[in-house]
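Undergrad: The following file, model37.txt, comprises compact mmCIF, N, CA and C atoms:
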# COMPACT_ATOMS: atom_id res chain seq x y z
N MET A 224 30.28 -19.00 -6.68
CA MET A 224 29.68 -18.34 -7.84
C MET A 224 28.15 -18.49 -7.79
N LEU A 225 27.67 -19.70 -7.57
CA LEU A 225 26.22 -19.92 -7.55
C LEU A 225 25.57 -19.18 -6.39
N GLN A 226 26.28 -19.15 -5.24
CA GLN A 226 25.69 -18.48 -4.07
C GLN A 226 25.45 -17.00 -4.34
N THR A 227 26.42 -16.34 -4.98
CA THR A 227 26.27 -14.90 -5.26
C THR A 227 25.10 -14.68 -6.22
N ILE A 228 24.96 -15.55 -7.22
CA ILE A 228 23.85 -15.43 -8.17
C ILE A 228 22.52 -15.63 -7.43
N ASN A 229 22.48 -16.61 -6.53
CA ASN A 229 21.25 -16.86 -5.77
C ASN A 229 20.90 -15.66 -4.91
N LYS A 230 21.90 -15.07 -4.23
CA LYS A 230 21.64 -13.89 -3.40
C LYS A 230 21.10 -12.75 -4.24
N TYR A 231 21.72 -12.55 -5.43
CA TYR A 231 21.28 -11.48 -6.32
C TYR A 231 19.84 -11.72 -6.77
N LEU A 232 19.54 -12.97 -7.12
CA LEU A 232 18.18 -13.31 -7.57
C LEU A 232 17.17 -13.07 -6.45
N VAL A 233 17.53 -13.47 -5.24
CA VAL A 233 16.62 -13.27 -4.09
C VAL A 233 16.36 -11.79 -3.89
N ARG A 234 17.42 -10.98 -3.98
CA ARG A 234 17.25 -9.54 -3.79
C ARG A 234 16.36 -8.96 -4.87
N VAL A 235 16.59 -9.37 -6.11
CA VAL A 235 15.80 -8.83 -7.22
C VAL A 235 14.34 -9.22 -7.08
N THR A 236 14.09 -10.49 -6.71
CA THR A 236 12.70 -10.94 -6.58
C THR A 236 12.01 -10.20 -5.43
N THR A 237 12.70 -10.03 -4.30
CA THR A 237 12.09 -9.33 -3.17
C THR A 237 11.80 -7.87 -3.53
N LEU A 238 12.74 -7.26 -4.25
CA LEU A 238 12.54 -5.85 -4.66
C LEU A 238 11.36 -5.73 -5.60
N SER A 239 11.30 -6.63 -6.59
CA SER A 239 10.20 -6.56 -7.56
C SER A 239 8.87 -6.81 -6.86
N LEU A 240 8.85 -7.74 -5.90
CA LEU A 240 7.62 -8.01 -5.14
C LEU A 240 7.22 -6.79 -4.33
N ALA A 241 8.20 -6.13 -3.72
CA ALA A 241 7.90 -4.93 -2.93
C ALA A 241 7.32 -3.85 -3.82
N VAL A 242 7.93 -3.65 -5.00
CA VAL A 242 7.44 -2.62 -5.93
C VAL A 242 6.03 -2.96 -6.38
N LEU A 243 5.78 -4.24 -6.66
CA LEU A 243 4.44 -4.66 -7.10
C LEU A 243 3.41 -4.39 -6.00
N THR A 244 3.75 -4.77 -4.76
CA THR A 244 2.80 -4.56 -3.66
C THR A 244 2.54 -3.07 -3.46
N ILE A 245 3.59 -2.25 -3.61
CA ILE A 245 3.41 -0.80 -3.43
C ILE A 245 2.50 -0.25 -4.52
N LYS A 246 2.73 -0.71 -5.78
CA LYS A 246 1.89 -0.23 -6.89
C LYS A 246 0.44 -0.66 -6.67
N VAL A 247 0.22 -1.93 -6.34
CA VAL A 247 -1.14 -2.42 -6.11
C VAL A 247 -1.74 -1.70 -4.90
N GLY A 248 -0.92 -1.50 -3.87
CA GLY A 248 -1.39 -0.79 -2.68
C GLY A 248 -1.84 0.62 -3.02
N TRP A 249 -1.10 1.32 -3.88
CA TRP A 249 -1.49 2.67 -4.28
C TRP A 249 -2.83 2.65 -4.99
N ILE A 250 -3.00 1.63 -5.88
CA ILE A 250 -4.26 1.53 -6.64
C ILE A 250 -5.44 1.42 -5.68
N TYR A 251 -5.23 0.69 -4.57
CA TYR A 251 -6.33 0.51 -3.61
C TYR A 251 -6.38 1.61 -2.56
N LEU A 252 -5.21 2.14 -2.17
CA LEU A 252 -5.17 3.09 -1.06
C LEU A 252 -5.65 4.48 -1.47
N VAL A 253 -5.31 4.91 -2.68
CA VAL A 253 -5.67 6.27 -3.10
C VAL A 253 -7.19 6.44 -3.14
N PRO A 254 -7.95 5.53 -3.82
CA PRO A 254 -9.42 5.69 -3.79
C PRO A 254 -9.98 5.63 -2.37
N MET A 255 -9.41 4.75 -1.53
CA MET A 255 -9.87 4.65 -0.15
C MET A 255 -9.63 5.98 0.58
N ALA A 256 -8.47 6.57 0.39
CA ALA A 256 -8.16 7.84 1.05
C ALA A 256 -9.11 8.93 0.56
N VAL A 257 -9.39 8.94 -0.74
CA VAL A 257 -10.30 9.95 -1.29
C VAL A 257 -11.70 9.76 -0.70
N LEU A 258 -12.14 8.48 -0.63
CA LEU A 258 -13.45 8.21 -0.05
C LEU A 258 -13.50 8.65 1.40
N MET A 259 -12.44 8.34 2.17
CA MET A 259 -12.40 8.72 3.57
C MET A 259 -12.44 10.23 3.72
N ASN A 260 -11.71 10.95 2.86
CA ASN A 260 -11.70 12.42 2.94
C ASN A 260 -13.06 13.00 2.61
N THR A 261 -13.75 12.41 1.61
CA THR A 261 -15.06 12.95 1.23
C THR A 261 -16.10 12.65 2.30
N HIS A 262 -15.99 11.48 2.94
CA HIS A 262 -16.99 11.07 3.93
C HIS A 262 -16.61 11.46 5.35
N ARG A 263 -15.42 12.01 5.54
CA ARG A 263 -14.97 12.34 6.90
C ARG A 263 -15.90 13.37 7.53
N ASN A 264 -16.32 14.36 6.74
CA ASN A 264 -17.20 15.40 7.28
C ASN A 264 -18.53 14.81 7.72
N GLU A 265 -18.96 13.71 7.09
CA GLU A 265 -20.22 13.09 7.48
C GLU A 265 -20.02 12.13 8.66
N LEU A 266 -18.84 11.48 8.71
CA LEU A 266 -18.63 10.45 9.72
C LEU A 266 -18.35 11.07 11.09
N ILE A 267 -17.51 12.09 11.14
CA ILE A 267 -17.06 12.61 12.43
C ILE A 267 -18.22 13.24 13.23
N PRO A 268 -19.08 14.08 12.62
CA PRO A 268 -20.17 14.65 13.43
C PRO A 268 -21.11 13.59 13.99
N SER A 269 -21.39 12.53 13.20
CA SER A 269 -22.28 11.49 13.69
C SER A 269 -21.65 10.79 14.89
N ARG A 270 -20.31 10.65 14.88
CA ARG A 270 -19.64 10.01 16.03
C ARG A 270 -19.73 10.90 17.26
N PHE A 271 -19.52 12.21 17.06
CA PHE A 271 -19.51 13.09 18.22
C PHE A 271 -20.90 13.32 18.77
N LYS A 272 -21.92 13.22 17.94
CA LYS A 272 -23.30 13.39 18.42
C LYS A 272 -23.67 12.27 19.38
N LYS A 273 -23.21 11.05 19.08
CA LYS A 273 -23.48 9.92 19.97
C LYS A 273 -22.59 10.04 21.20
Mind converting the file's structure to structure tokens?

TA:
Amino acid sequence: MLQTINKYLVRVTTLSLAVLTIKVGWIYLVPMAVLMNTHRNELIPSRFKK
């Protein structure tokens, strides 16, 4: 009985941690992606010129 509860708890904690990391990751990744898209036109020509 205790083992099944422990397994369930481990699964729930890992799932909640994964969801949290994904949410936090989105908060950081979306602005980064937007910045990269806005600056891509400036970054790529400077690389190719060199």

Undergrad: Rounded to one decimal, what separation in Å do you get between atom N of A:Val247 and atom N of A:Met259?

TA: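 Distance between the two atoms: 18.4 Å.
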
Undergrad: Quick one: distance from atom CA of A:Asn260 to atom CA of A:Gly248 in Å, one decimal?

TA: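 A separation of 17.7 Å between them.
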
Undergrad: Please measure the separation of atom CA of A:His262 and atom N of A:Trp249, giving the value in Å to one decimal.

TA: 20.2 Å
